[in-house]
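Contents: one structure, followed by commentary.
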Amino acid sequence: MDLFDAITTGEHGTPVVTRPGAGAPLAVRMRPATLDEVAGQEHLLAPGSPLRRLVEPADEAARRAAPGSVILWGPPGTGKTTLAYLVATVSGRRFVELSAVTAGVRDVRAVVEDARRRLATSGEETVLFIDEVHRFSKSQQDALLPSVENRWVTLVAATTENPSFSVNSPLLSRSLLLTLRPLTSDDVRGLVRRAVTDERGLGGAVTLADDAEEQLVRMAGGDARKALTVLEAAAGTALSDTVAAGVDVTVDLPTVERAVDVAAVRYDRDGDQHYDVISAFIKSIRGSDVDAALHYLARMVAAGEDPRYIARRLMVHAAEDVGMADPSALQTAVAAAQAVQLIGMPEGRIVLAEAVVHLATAPKSNAVVTGIDAALADVRAGRIGTVPLHLRDAHYAGAKGLGHGQGYVYPHDVEHAVAPQQYLPDELVGRRYYAPTDRGYERQVTERLQRVREILARRS
């Protein structure tokens with residue numbers, strides 16, 4: 001349990017929490033002791049929320065009404081482990097951790113049986129925290145079901161993967177799913193500043209320069225653990241370089257660079273360069289200048305920009321500026337985002353560069369974004385109309401008596417699989433939203449769409 005405060009058993013079997021010593025990592029020493037110290041996640045911590053009732057039950061009735069199993073889903077460094085820890089320590093429960101990477105069914109059953117025995121003999125409750133629960137097999141997850149149903153343990157499971165795909169339906173249906181949001185730059189900045197001054201952290205032993213703080217926050221990419229780890233390394237470097245006693249020690253940008261062994265491209269402290277570079281990056285791809293796009297990508301990578309942020313921008317660009325001129329561009333961008341998430345950096349730079357080259361050299365079309373925006377403008381302006389009778393759902397009792405579905409022509413039953421019938425509401429007949437270009441794959445779409453629209457116009 002080296003990542004947590006030591007938990008020992010005191011009088012009457014009550015868990016006693018001992019804060020970590022000075023030798024513990026900074027991220028561990030700064031672990032919140034109360035919910036009020038948790039950064040971000042305000043949507044989960046409102047008064048009366050299920051999570052707050054679980055951590056801070058007002059009375060025994062509130063404790064019984066609190067959820068018995070919780071799945072925390074969110075990116076790394078957003079507080080999943082911290083929240084699990086607070087569920088145990090604040091409410092005085094016993095805390096047990098299992099890692100899905102190393103634990104097997106036998107380990108799960110042993111913990112559950114011990115928790116069941118303690119609950120029956122002394123009333124001691126156990127919080128079972130399972131990190132990376134998505135790595136558990138179906139049989140391992142099934143082994144948790146009896147303990148969850150009977151509340152022998154309070155299960156808190158953490159995952160960075162979508163639980164809908166990685167957690168068994170029976171376990172998911174018995175659990176409260178809480179989605180953690182990525183920490184904002186201000187959230188991380190607040191944690192860093194607290195760590196510099198708090199006695200649990202650096203206790204004011206160093207001063208963090210503004211440019212160093214901005215670079216550290218940016219490199220963290222919303223990961224609190226990463227931010228505190230880099231801060232600790234930089235502070236250690238600065239302190240070891242200071243010989244004279246009583247001299248103020250400042251952690252500056254070069255010190256942060258040395259601590260993480262990366263040369264930072266100097267964004268100004270107000271963030272203008274950050275936004276200027278990403279703007280130039282996207283505009284270079286849009287303008288099909290692959291060399292300029294790679295240059296700006298290199299600047300962001302060297303500066304420690306969060307690769308997930310870069311990947312997200314590429315996905316948006318693929319849909320917005322390449323669009324149907326090359327539909328495979330979005331597939332490349334999505335694959336790049338997934339690959340970066342799996343392999344990390346520095347290898348992720350190659351994946352990002354491949355996506356940049358594809359998008360920059362692809363034909364461009366914004367016809368898709370123009371089309372959906374035009375359709376939204378009509379809807380917001382009230383140009384909606386009613387769904388034509390022949391297109392309405394006719395599967396429920398009484399629908400056919402209302403005329404629903406009557407006259408509908410099944411497209412696969414006619415030539416070219418295009419039925420000459422009306423699809424838009426009466427008020428919008430003839431309205432055109434999508435206007436494909438003559439570039440790339442969209443040239444083929446233009447030719448086919450013209451023929452389709454001619455057939456549709458033949459309706460009686």
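To be explicit about the labels: the chains of the structure tokens are called A, B, and onward in the order shown, and within each one the residues are counted from 1, while ligands get numbers from 1 in the order they are shown.
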
Can you pull out every residue within 7 Å of range 191-205 of chain A, counting only C-alpha atoms, but drop anything in the same chain fewer than 6 positions away, and send it as number ranges by chain? A: 26, 29-30, 228

Grab the residues selected above and save them as a JSON list (two decimals), in the first residue's frame with N, CA and C atoms.
```json
[["chain", "number", "residue", "atom", "x", "y", "z"],
["A", 26, "LEU", "N", 5.91, 13.38, -3.64],
["A", 26, "LEU", "CA", 5.11, 14.59, -3.45],
["A", 26, "LEU", "C", 3.64, 14.34, -3.78],
["A", 29, "ARG", "N", 2.14, 12.71, -0.78],
["A", 29, "ARG", "CA", 2.03, 13.61, 0.38],
["A", 29, "ARG", "C", 0.90, 14.62, 0.20],
["A", 30, "MET", "N", 0.65, 15.02, -1.05],
["A", 30, "MET", "CA", -0.38, 16.02, -1.32],
["A", 30, "MET", "C", -1.74, 15.42, -1.60],
["A", 228, "LEU", "N", 2.68, 17.07, -10.31],
["A", 228, "LEU", "CA", 3.38, 17.05, -9.02],
["A", 228, "LEU", "C", 4.69, 16.28, -9.11]]
```

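Non-sequential neighbours of Asp248 in chain A (distance at most 12 Å, separation of 6 or more positions within a chain, only C-alpha atoms) are A:Gly204, A:Ala205, A:Val206, A:Thr207, A:Leu208, A:Ala238, A:Leu239, A:Asp241, A:Thr242.
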
Same residues, all heavy atoms, output as a CSV table (one decimal), in the first residue's frame:
```
chain,number,residue,atom,x,y,z
A,204,GLY,N,7.2,25.8,1.0
A,204,GLY,CA,7.8,27.1,0.7
A,204,GLY,C,9.3,27.1,0.6
A,204,GLY,O,10.0,28.1,0.5
A,205,ALA,N,9.9,25.9,0.4
A,205,ALA,CA,11.3,25.8,0.3
A,205,ALA,C,11.8,26.3,-1.1
A,205,ALA,O,13.0,26.7,-1.2
A,205,ALA,CB,11.8,24.3,0.4
A,206,VAL,N,10.9,26.4,-2.0
A,206,VAL,CA,11.3,27.0,-3.3
A,206,VAL,C,10.2,27.9,-3.8
A,206,VAL,O,9.1,27.9,-3.3
A,206,VAL,CB,11.5,25.9,-4.4
A,206,VAL,CG1,12.6,24.9,-4.0
A,206,VAL,CG2,10.1,25.1,-4.7
A,207,THR,N,10.6,28.8,-4.8
A,207,THR,CA,9.6,29.6,-5.4
A,207,THR,C,9.5,29.2,-6.9
A,207,THR,O,10.6,28.9,-7.5
A,207,THR,CB,10.1,31.1,-5.4
A,207,THR,OG1,10.2,31.5,-4.0
A,207,THR,CG2,9.1,32.0,-6.1
A,208,LEU,N,8.3,29.1,-7.4
A,208,LEU,CA,8.1,28.6,-8.8
A,208,LEU,C,7.9,29.8,-9.7
A,208,LEU,O,7.0,30.6,-9.5
A,208,LEU,CB,6.9,27.7,-8.9
A,208,LEU,CG,6.6,27.0,-10.2
A,208,LEU,CD1,7.8,26.1,-10.6
A,208,LEU,CD2,5.3,26.2,-10.1
A,238,ALA,N,16.7,22.2,-8.3
A,238,ALA,CA,17.0,23.5,-7.9
A,238,ALA,C,17.7,23.6,-6.5
A,238,ALA,O,18.6,24.3,-6.3
A,238,ALA,CB,15.7,24.4,-7.9
A,239,LEU,N,17.2,22.8,-5.6
A,239,LEU,CA,17.7,22.7,-4.2
A,239,LEU,C,19.1,22.2,-4.2
A,239,LEU,O,20.0,22.6,-3.5
A,239,LEU,CB,16.8,21.9,-3.3
A,239,LEU,CG,15.5,22.6,-3.0
A,239,LEU,CD1,14.5,21.6,-2.3
A,239,LEU,CD2,15.7,23.8,-2.1
A,241,ASP,N,21.2,22.4,-6.6
A,241,ASP,CA,22.2,23.4,-7.2
A,241,ASP,C,22.5,24.6,-6.3
A,241,ASP,O,23.4,25.4,-6.6
A,241,ASP,CB,21.5,23.9,-8.5
A,241,ASP,CG,21.5,22.9,-9.6
A,241,ASP,OD1,22.2,21.8,-9.4
A,241,ASP,OD2,20.8,23.0,-10.6
A,242,THR,N,21.8,24.7,-5.2
A,242,THR,CA,21.9,25.9,-4.3
A,242,THR,C,22.9,25.5,-3.2
A,242,THR,O,22.6,24.6,-2.4
A,242,THR,CB,20.6,26.3,-3.8
A,242,THR,OG1,19.7,26.6,-4.8
A,242,THR,CG2,20.8,27.6,-2.9
```

Counting only C-alpha atoms, what is within 9 Å of range 318-324 of chain A, bar same-chain residues fewer than 4 positions away, as a VMD selection string? chain A and resid 285 to 286 313 to 314 328 to 333 359 to 360 362 to 370 436 440 to 442 445

Would you mind exporting C-alpha atoms of the selected residues as a JSON list (two decimals), in the first residue's frame?
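This is the output file part-v2.json:
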```json
[["chain", "number", "residue", "atom", "x", "y", "z"],
["A", 285, "ILE", "CA", -3.00, 21.61, -42.59],
["A", 286, "ARG", "CA", -6.05, 23.34, -44.04],
["A", 313, "ARG", "CA", -7.57, 18.82, -32.91],
["A", 314, "LEU", "CA", -6.65, 16.49, -35.78],
["A", 328, "SER", "CA", -10.42, 7.95, -44.66],
["A", 329, "ALA", "CA", -8.80, 11.05, -43.11],
["A", 330, "LEU", "CA", -11.12, 10.85, -40.09],
["A", 331, "GLN", "CA", -10.30, 7.17, -39.72],
["A", 332, "THR", "CA", -6.60, 8.04, -39.66],
["A", 333, "ALA", "CA", -7.13, 10.80, -37.08],
["A", 359, "LEU", "CA", -4.57, 15.39, -43.50],
["A", 360, "ALA", "CA", -2.27, 18.03, -44.98],
["A", 362, "ALA", "CA", -5.60, 15.20, -48.57],
["A", 363, "PRO", "CA", -8.07, 17.07, -50.80],
["A", 364, "LYS", "CA", -10.18, 19.49, -48.78],
["A", 365, "SER", "CA", -13.93, 20.07, -48.48],
["A", 366, "ASN", "CA", -15.99, 21.82, -45.83],
["A", 367, "ALA", "CA", -19.28, 20.81, -47.47],
["A", 368, "VAL", "CA", -20.23, 18.58, -44.53],
["A", 369, "VAL", "CA", -19.88, 21.29, -41.88],
["A", 370, "THR", "CA", -21.61, 23.80, -44.15],
["A", 436, "PRO", "CA", -20.37, 18.41, -52.48],
["A", 440, "GLY", "CA", -11.23, 14.00, -54.18],
["A", 441, "TYR", "CA", -13.79, 11.35, -53.35],
["A", 442, "GLU", "CA", -16.50, 14.03, -53.23],
["A", 445, "VAL", "CA", -20.43, 11.80, -54.49]]
```

Kindly indicate which residue among A:Ala39, A:Leu171, A:Val112, A:Val249 lies nearest to Thr78 in chain A, using only C-alpha atoms for the distances. A:Ala39

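Residues lying within 6 Å of range 90-101 of chain A, counting only C-alpha atoms and ignoring same-chain neighbours fewer than 6 positions away, are Pro15, Val55, Glu125, Thr126, Val127, Leu128, Phe129, Ile130, Asp131, Glu132, Val133, Arg135 and Phe136 of chain A.
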
Those of range 256-372 of chain A in DSSP helix (DSSP H, G or I), formatted as a PyMOL selection string: chain A and resi 256-260+272-286+290-302+307-325+328-343+348-361+367-372

Give me the residues near range 300-307 of chain A as a ChimeraX atom specification, where near means some atom within 12 Å (using only C-alpha atoms) and where sequence neighbours in that chain fewer than 5 positions away do not count. /A:185,212,214-223,226-227,230,253,256-257,260-268,273-281,293-295,312-314,336-353

For Ala115 in chain A: contacts at 7 Å, only C-alpha atoms, fewer than 3 positions along chain excluded, given as a list in words: Val111, Val112, Arg118, Leu119, Thr126, Trp152 and Val153 of chain A

Any chance you can output those residues with N, CA and C atoms as a tab-separated table (two decimals), in the first residue's frame?
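Resulting contents of again.tsv:
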```
chain	number	residue	atom	x	y	z
A	111	VAL	N	-10.04	-11.59	-0.50
A	111	VAL	CA	-10.36	-10.28	0.07
A	111	VAL	C	-11.82	-10.21	0.47
A	112	VAL	N	-12.69	-10.71	-0.38
A	112	VAL	CA	-14.13	-10.67	-0.10
A	112	VAL	C	-14.46	-11.51	1.13
A	118	ARG	N	-14.97	-9.99	8.75
A	118	ARG	CA	-14.83	-8.80	9.60
A	118	ARG	C	-16.18	-8.11	9.82
A	119	LEU	N	-16.99	-8.06	8.76
A	119	LEU	CA	-18.30	-7.42	8.87
A	119	LEU	C	-19.20	-8.19	9.83
A	126	THR	N	-15.43	-2.68	4.77
A	126	THR	CA	-14.24	-2.68	3.91
A	126	THR	C	-14.55	-1.99	2.59
A	152	TRP	N	-21.01	-6.91	1.18
A	152	TRP	CA	-19.92	-7.36	2.04
A	152	TRP	C	-18.74	-6.41	1.93
A	153	VAL	N	-18.61	-5.75	0.78
A	153	VAL	CA	-17.60	-4.71	0.59
A	153	VAL	C	-18.27	-3.53	-0.12
```

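Here the residues within range 137-344 of chain A that DSSP labels strand (DSSP E or B) on the basis of the backbone are Thr154, Leu155, Val156, Ala157, Ala158, Thr159, Leu176, Leu177, Leu178, Thr179, Thr207, Leu208, Thr250 and Val251 of chain A.
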
Selection to disk with N, CA and C atoms, as a PDB file, in the first residue's frame:
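That gives us again.pdb:
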```pdb
ATOM      1  N   THR A 154     -17.665  -2.369   0.031  1.00  0.00           N
ATOM      2  CA  THR A 154     -18.018  -1.237  -0.811  1.00  0.00           C
ATOM      3  C   THR A 154     -17.004  -1.226  -1.937  1.00  0.00           C
ATOM      4  N   LEU A 155     -17.454  -1.569  -3.120  1.00  0.00           N
ATOM      5  CA  LEU A 155     -16.546  -1.678  -4.260  1.00  0.00           C
ATOM      6  C   LEU A 155     -16.393  -0.321  -4.934  1.00  0.00           C
ATOM      7  N   VAL A 156     -15.148   0.085  -5.088  1.00  0.00           N
ATOM      8  CA  VAL A 156     -14.833   1.272  -5.880  1.00  0.00           C
ATOM      9  C   VAL A 156     -13.847   0.821  -6.955  1.00  0.00           C
ATOM     10  N   ALA A 157     -14.282   0.858  -8.199  1.00  0.00           N
ATOM     11  CA  ALA A 157     -13.452   0.404  -9.311  1.00  0.00           C
ATOM     12  C   ALA A 157     -13.101   1.589 -10.192  1.00  0.00           C
ATOM     13  N   ALA A 158     -11.863   1.615 -10.660  1.00  0.00           N
ATOM     14  CA  ALA A 158     -11.397   2.709 -11.505  1.00  0.00           C
ATOM     15  C   ALA A 158     -11.028   2.180 -12.875  1.00  0.00           C
ATOM     16  N   THR A 159     -11.337   2.970 -13.905  1.00  0.00           N
ATOM     17  CA  THR A 159     -10.999   2.563 -15.265  1.00  0.00           C
ATOM     18  C   THR A 159     -10.803   3.786 -16.145  1.00  0.00           C
ATOM     19  N   LEU A 176     -22.909   2.384  -9.463  1.00  0.00           N
ATOM     20  CA  LEU A 176     -23.117   3.782  -9.819  1.00  0.00           C
ATOM     21  C   LEU A 176     -21.927   4.220 -10.662  1.00  0.00           C
ATOM     22  N   LEU A 177     -22.178   4.614 -11.894  1.00  0.00           N
ATOM     23  CA  LEU A 177     -21.109   5.039 -12.791  1.00  0.00           C
ATOM     24  C   LEU A 177     -20.903   6.547 -12.667  1.00  0.00           C
ATOM     25  N   LEU A 178     -19.694   6.939 -12.308  1.00  0.00           N
ATOM     26  CA  LEU A 178     -19.350   8.349 -12.179  1.00  0.00           C
ATOM     27  C   LEU A 178     -18.235   8.670 -13.170  1.00  0.00           C
ATOM     28  N   THR A 179     -18.458   9.676 -13.994  1.00  0.00           N
ATOM     29  CA  THR A 179     -17.485  10.060 -15.010  1.00  0.00           C
ATOM     30  C   THR A 179     -16.677  11.256 -14.525  1.00  0.00           C
ATOM     31  N   THR A 207      10.563  28.778  -4.764  1.00  0.00           N
ATOM     32  CA  THR A 207       9.605  29.650  -5.442  1.00  0.00           C
ATOM     33  C   THR A 207       9.520  29.193  -6.894  1.00  0.00           C
ATOM     34  N   LEU A 208       8.317  29.103  -7.407  1.00  0.00           N
ATOM     35  CA  LEU A 208       8.112  28.641  -8.781  1.00  0.00           C
ATOM     36  C   LEU A 208       7.917  29.847  -9.691  1.00  0.00           C
ATOM     37  N   THR A 250      14.743  29.408  -6.559  1.00  0.00           N
ATOM     38  CA  THR A 250      13.683  29.577  -7.550  1.00  0.00           C
ATOM     39  C   THR A 250      13.745  28.453  -8.570  1.00  0.00           C
ATOM     40  N   VAL A 251      12.595  27.843  -8.819  1.00  0.00           N
ATOM     41  CA  VAL A 251      12.481  26.853  -9.880  1.00  0.00           C
ATOM     42  C   VAL A 251      12.087  27.612 -11.137  1.00  0.00           C
TER      43      VAL A 251
END
```

Find the spatial neighbours of Val418 in chain A, counting only C-alpha atoms, within a cut-off of 8 Å - ignore same-chain residues fewer than 3 positions away - and output them as a PyMOL selection string. chain A and resi 411-412+414-415+452+455-456

What does the structure give for the distance between CA of His390 in chain A and CA of Gly403 in chain A, in Å to one decimal? 7.5 Å

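Atom to atom, CA of Arg458 in chain A and CA of Pro420 in chain A stand 5.6 Å apart.
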
So, counting only C-alpha atoms, which residue among A:Leu180, A:Val70, A:Ala143, A:Val188 is closest to Glu42 in chain A? A:Leu180
